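Dropping work.txt in here (compact mmCIF, C-alpha atoms):
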# COMPACT_ATOMS: atom_id res chain seq x y z
CA MET K 1 -46.25 -35.41 -21.79
CA THR K 2 -46.91 -32.36 -19.59
CA TYR K 3 -45.00 -31.71 -16.39
CA PHE K 4 -48.09 -32.39 -14.28
CA ARG K 5 -48.90 -35.71 -15.99
CA PHE K 6 -45.25 -36.75 -15.64
CA ARG K 7 -45.21 -35.74 -11.96
CA SER K 8 -48.44 -37.66 -11.35
CA LEU K 9 -46.98 -40.76 -13.02
CA ILE K 10 -43.82 -40.57 -10.91
CA LEU K 11 -45.82 -40.07 -7.70
CA SER K 12 -48.06 -43.04 -8.44
CA GLN K 13 -44.99 -45.20 -8.95
CA LEU K 14 -43.51 -43.96 -5.69
CA MET K 15 -46.67 -44.83 -3.82
CA SER K 16 -46.75 -48.47 -4.87
CA GLU K 17 -46.82 -51.11 -2.13
CA ASN K 18 -43.06 -51.71 -2.44
CA THR K 19 -41.93 -48.22 -1.44
CA SER K 20 -40.63 -47.14 1.95
CA LEU K 21 -42.25 -44.37 3.98
CA SER K 22 -39.62 -41.86 2.95
CA GLU K 23 -40.27 -42.60 -0.73
CA LYS K 24 -44.05 -42.58 -0.33
CA TYR K 25 -44.33 -39.30 1.57
CA LEU K 26 -42.50 -36.51 -0.25
CA ILE K 27 -42.79 -32.95 1.04
CA GLY K 28 -44.80 -30.92 -1.44
CA THR K 29 -46.95 -33.83 -2.62
CA LYS K 30 -50.46 -32.54 -3.42
CA HIS K 31 -53.72 -34.34 -4.03
CA THR K 32 -57.19 -33.00 -4.76
CA TYR K 33 -60.84 -34.01 -4.77
CA THR K 34 -63.64 -32.02 -6.40
CA ARG K 35 -67.32 -32.12 -5.54
CA ARG K 36 -70.43 -30.04 -6.18
CA PHE K 37 -72.96 -29.70 -3.33
CA SER K 38 -76.68 -29.70 -4.12
CA PHE K 39 -79.55 -28.35 -2.02
CA GLU K 40 -80.36 -31.98 -1.13
CA ASP K 41 -76.78 -32.53 0.13
CA VAL K 42 -77.01 -29.43 2.33
CA ASN K 43 -80.39 -30.51 3.74
CA ALA K 44 -79.08 -34.00 4.50
CA PHE K 45 -76.10 -32.50 6.34
CA ALA K 46 -78.42 -30.15 8.25
CA LEU K 47 -80.47 -33.12 9.44
CA LEU K 48 -77.40 -35.14 10.41
CA SER K 49 -75.56 -32.30 12.14
CA GLY K 50 -78.54 -30.46 13.63
CA ASP K 51 -77.33 -27.18 12.06
CA VAL K 52 -80.63 -25.98 10.65
CA ASN K 53 -79.62 -22.33 10.32
CA PRO K 54 -82.05 -20.90 7.72
CA ILE K 55 -79.17 -19.55 5.60
CA HIS K 56 -78.40 -23.19 4.77
CA ILE K 57 -81.84 -24.74 4.30
CA ASN K 58 -84.36 -22.01 3.49
CA ARG K 59 -84.04 -20.36 0.09
CA GLU K 60 -86.30 -17.43 1.02
CA ALA K 61 -84.43 -16.69 4.26
CA ALA K 62 -81.08 -17.05 2.51
CA ALA K 63 -82.22 -14.57 -0.16
CA GLN K 64 -82.64 -12.00 2.65
CA SER K 65 -79.11 -12.62 3.99
CA ILE K 66 -75.93 -10.73 3.12
CA PHE K 67 -75.11 -13.52 0.66
CA LYS K 68 -78.50 -13.40 -1.13
CA GLN K 69 -78.51 -17.18 -1.59
CA VAL K 70 -78.15 -20.51 0.23
CA VAL K 71 -74.71 -21.06 1.74
CA VAL K 72 -73.23 -24.56 2.05
CA HIS K 73 -72.20 -25.41 5.62
CA GLY K 74 -68.50 -24.74 6.16
CA MET K 75 -68.11 -28.04 7.98
CA LEU K 76 -69.71 -29.93 5.09
CA THR K 77 -67.28 -28.28 2.69
CA SER K 78 -64.30 -29.01 4.94
CA ALA K 79 -65.31 -32.69 5.07
CA LEU K 80 -63.82 -32.95 1.57
CA PHE K 81 -60.38 -32.94 3.21
CA SER K 82 -61.36 -36.13 5.02
CA THR K 83 -62.29 -37.66 1.67
CA VAL K 84 -58.78 -37.00 0.37
CA PHE K 85 -57.04 -38.26 3.51
CA GLY K 86 -59.12 -41.42 3.87
CA THR K 87 -59.42 -42.50 0.26
CA ILE K 88 -56.73 -40.84 -1.89
CA TYR K 89 -53.63 -39.75 0.06
CA PRO K 90 -52.36 -41.09 2.34
CA GLY K 91 -55.45 -43.27 1.92
CA LYS K 92 -56.78 -46.37 3.63
CA GLY K 93 -55.66 -46.62 7.26
CA SER K 94 -55.06 -42.86 7.73
CA ILE K 95 -56.18 -41.44 11.07
CA TYR K 96 -57.19 -37.79 11.45
CA LEU K 97 -55.44 -36.31 14.51
CA GLY K 98 -56.39 -32.65 14.14
CA GLN K 99 -57.49 -29.89 11.80
CA THR K 100 -57.51 -26.10 11.85
CA LEU K 101 -59.85 -24.21 9.53
CA LYS K 102 -60.33 -20.63 8.37
CA PHE K 103 -63.51 -19.99 6.40
CA LEU K 104 -62.53 -17.22 3.97
CA LYS K 105 -65.45 -17.05 1.52
CA PRO K 106 -68.93 -18.56 1.39
CA VAL K 107 -69.57 -21.68 -0.65
CA PHE K 108 -72.76 -21.68 -2.71
CA LEU K 109 -74.91 -24.46 -4.12
CA ASP K 110 -73.85 -26.11 -7.37
CA ASP K 111 -70.33 -24.68 -7.35
CA ASP K 112 -67.43 -27.03 -7.97
CA ILE K 113 -65.34 -27.12 -4.80
CA THR K 114 -61.84 -28.57 -4.96
CA ALA K 115 -60.19 -29.70 -1.74
CA GLU K 116 -56.40 -29.77 -1.94
CA VAL K 117 -54.03 -31.28 0.60
CA GLU K 118 -50.28 -30.76 0.51
CA LEU K 119 -47.76 -32.58 2.65
CA THR K 120 -45.67 -29.88 4.36
CA GLU K 121 -43.90 -31.78 7.13
CA ILE K 122 -43.40 -35.38 8.22
CA ASN K 123 -42.24 -37.00 11.43
CA MET K 124 -41.02 -40.40 10.24
CA GLU K 125 -40.44 -41.70 13.77
CA ARG K 126 -44.03 -41.00 14.87
CA LYS K 127 -45.53 -41.53 11.36
CA ILE K 128 -47.35 -38.18 11.53
CA GLY K 129 -47.79 -35.97 8.49
CA THR K 130 -48.65 -32.29 8.58
CA PHE K 131 -50.69 -31.10 5.62
CA ALA K 132 -51.76 -27.69 4.33
CA THR K 133 -55.46 -27.93 3.53
CA ARG K 134 -57.08 -25.59 1.03
CA ALA K 135 -60.45 -25.51 -0.72
CA PHE K 136 -61.16 -23.52 -3.86
CA ASN K 137 -64.41 -22.65 -5.58
CA GLY K 138 -64.99 -22.88 -9.33
CA LYS K 139 -63.52 -19.39 -9.78
CA LYS K 140 -60.28 -20.65 -8.19
CA GLU K 141 -60.88 -18.46 -5.12
CA LEU K 142 -59.60 -19.78 -1.80
CA VAL K 143 -62.65 -20.48 0.39
CA ILE K 144 -61.07 -22.51 3.23
CA ALA K 145 -57.48 -22.69 4.50
CA GLY K 146 -56.06 -24.74 7.31
CA GLU K 147 -53.69 -27.42 8.47
CA ALA K 148 -54.21 -31.09 9.33
CA LYS K 149 -52.23 -33.66 11.29
CA ILE K 150 -52.60 -37.22 10.01
CA LEU K 151 -51.32 -40.47 11.46
CA LEU K 152 -50.01 -42.24 8.39
CA PRO K 153 -50.98 -45.83 7.62
Can you dump the structure from the file as structure tokens?
Amino acid sequence: MTYFRFRSLILSQLMSENTSLSEKYLIGTKHTYTRRFSFEDVNAFALLSGDVNPIHINREAAAQSIFKQVVVHGMLTSALFSTVFGTIYPGKGSIYLGQTLKFLKPVFLDDDITAEVELTEINMERKIGTFATRAFNGKKELVIAGEAKILLP
């Protein structure tokens, strides 16, 4: 059994319903979620958000940009952090309190983007976790970095 599979097994046991907060929330705990964004995803986000910048929704205009192709909205990409917090870790009942973001590289269509959250600090009295948030493209390049505050369930 590899170290990572063993660590994952131990963490899943620690996060069972019978564990205390201090056992459930260990500094350094990381969780990820990977998604690929299509042109249809980007267009749907443009309609919902109102951000219809041609670099996101017009292939011809994007081809004339410095990136030479359609760029996925940074806010759509950063929404993957919310997926982790609300459904994976800490999971159901988590409340987003704040998020900082630095957009370091563009995200392009059909690239696998992995959102990673890492617990870096916890205030047990207030039940607030501080998390490093990072997103990587398929080449393992850091495309977004930030920090989130989450009210733990």
Find the spatial neighbours of segment 86-90 of chain K, counting only C-alpha atoms, within a cut-off of 10 Å - ignore same-chain residues fewer than 5 positions away - and output them as JSON, numbers by chain. {"K": [15, 24, 25, 29, 30, 31, 32, 33, 80, 81, 95, 96, 117, 118, 119, 129, 150, 151, 152, 153]}
I'd like the contact shell of Glu141 of chain K - 10 Å cut-off, only C-alpha atoms, skipping same-chain residues fewer than 5 positions apart - returned as number ranges by chain. K: 104-105, 113, 135-136
Produce a table with one row for each residue of segment 86-149 of chain K that has an atom at most 12 Å from any atom of segment 53-64 of chain K, each row naming the nearest atom pair and its distance in Å at one decimal; use all atoms listed in the file; arrange rows by chain and rising residue number; format as JSON lines.
{"residue": "K:Pro106", "atom": "CA", "partner": "K:His56", "partner_atom": "CA", "distance": 11.1}
{"residue": "K:Val107", "atom": "CA", "partner": "K:His56", "partner_atom": "CA", "distance": 10.5}
{"residue": "K:Phe108", "atom": "CA", "partner": "K:His56", "partner_atom": "CA", "distance": 9.5}
{"residue": "K:Leu109", "atom": "CA", "partner": "K:His56", "partner_atom": "CA", "distance": 9.6}
Between atom CA of Val42 of chain K and atom CA of Lys92 of chain K, measure the distance and give it in Å to one decimal.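 Interatomic distance here is 26.4 Å.
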Taking (-53.7, -34.0, 12.1) in the file's coordinates as the center, which residues reach within 12 Å of it, counting only C-alpha atoms, put as a compact mmCIF listing (two decimals) with C-alpha atoms, keeping the file's coordinate frame?
# COMPACT_ATOMS: atom_id res chain seq x y z
CA PHE K 81 -60.38 -32.94 3.21
CA SER K 82 -61.36 -36.13 5.02
CA PHE K 85 -57.04 -38.26 3.51
CA SER K 94 -55.06 -42.86 7.73
CA ILE K 95 -56.18 -41.44 11.07
CA TYR K 96 -57.19 -37.79 11.45
CA LEU K 97 -55.44 -36.31 14.51
CA GLY K 98 -56.39 -32.65 14.14
CA GLN K 99 -57.49 -29.89 11.80
CA THR K 100 -57.51 -26.10 11.85
CA LEU K 101 -59.85 -24.21 9.53
CA VAL K 117 -54.03 -31.28 0.60
CA LEU K 119 -47.76 -32.58 2.65
CA THR K 120 -45.67 -29.88 4.36
CA GLU K 121 -43.90 -31.78 7.13
CA ILE K 122 -43.40 -35.38 8.22
CA ASN K 123 -42.24 -37.00 11.43
CA LYS K 127 -45.53 -41.53 11.36
CA ILE K 128 -47.35 -38.18 11.53
CA GLY K 129 -47.79 -35.97 8.49
CA THR K 130 -48.65 -32.29 8.58
CA PHE K 131 -50.69 -31.10 5.62
CA ALA K 132 -51.76 -27.69 4.33
CA THR K 133 -55.46 -27.93 3.53
CA GLY K 146 -56.06 -24.74 7.31
CA GLU K 147 -53.69 -27.42 8.47
CA ALA K 148 -54.21 -31.09 9.33
CA LYS K 149 -52.23 -33.66 11.29
CA ILE K 150 -52.60 -37.22 10.01
CA LEU K 151 -51.32 -40.47 11.46
CA LEU K 152 -50.01 -42.24 8.39
Would you work out the distance separating atom CA of Ala79 of chain K from atom CA of Leu142 of chain K, expressed in Å to one decimal?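 Separation of atom CA of Ala79 of chain K and atom CA of Leu142 of chain K: 15.7 Å.
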May I ask for the distance between atom CA of Met75 of chain K and atom CA of Gly91 of chain K, given in Å to one decimal place?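 That distance, rounded to one decimal, is 20.7 Å.
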Which residues are close to Arg36 of chain K, i.e. within 10 Å by all atoms listed in the file, leaving aside same-chain residues fewer than 6 positions away? Reply as a ChimeraX atom specification. /K:77,108-114,137-138
Listed atoms of segment 117-124 of chain K boxed axis-aligned with 4 Å per side, centre + edges as AutoDock Vina command-line options:
--center_x -47.5 --center_y -35.1 --center_z 6.0 --size_x 21.0 --size_y 18.5 --size_z 18.9
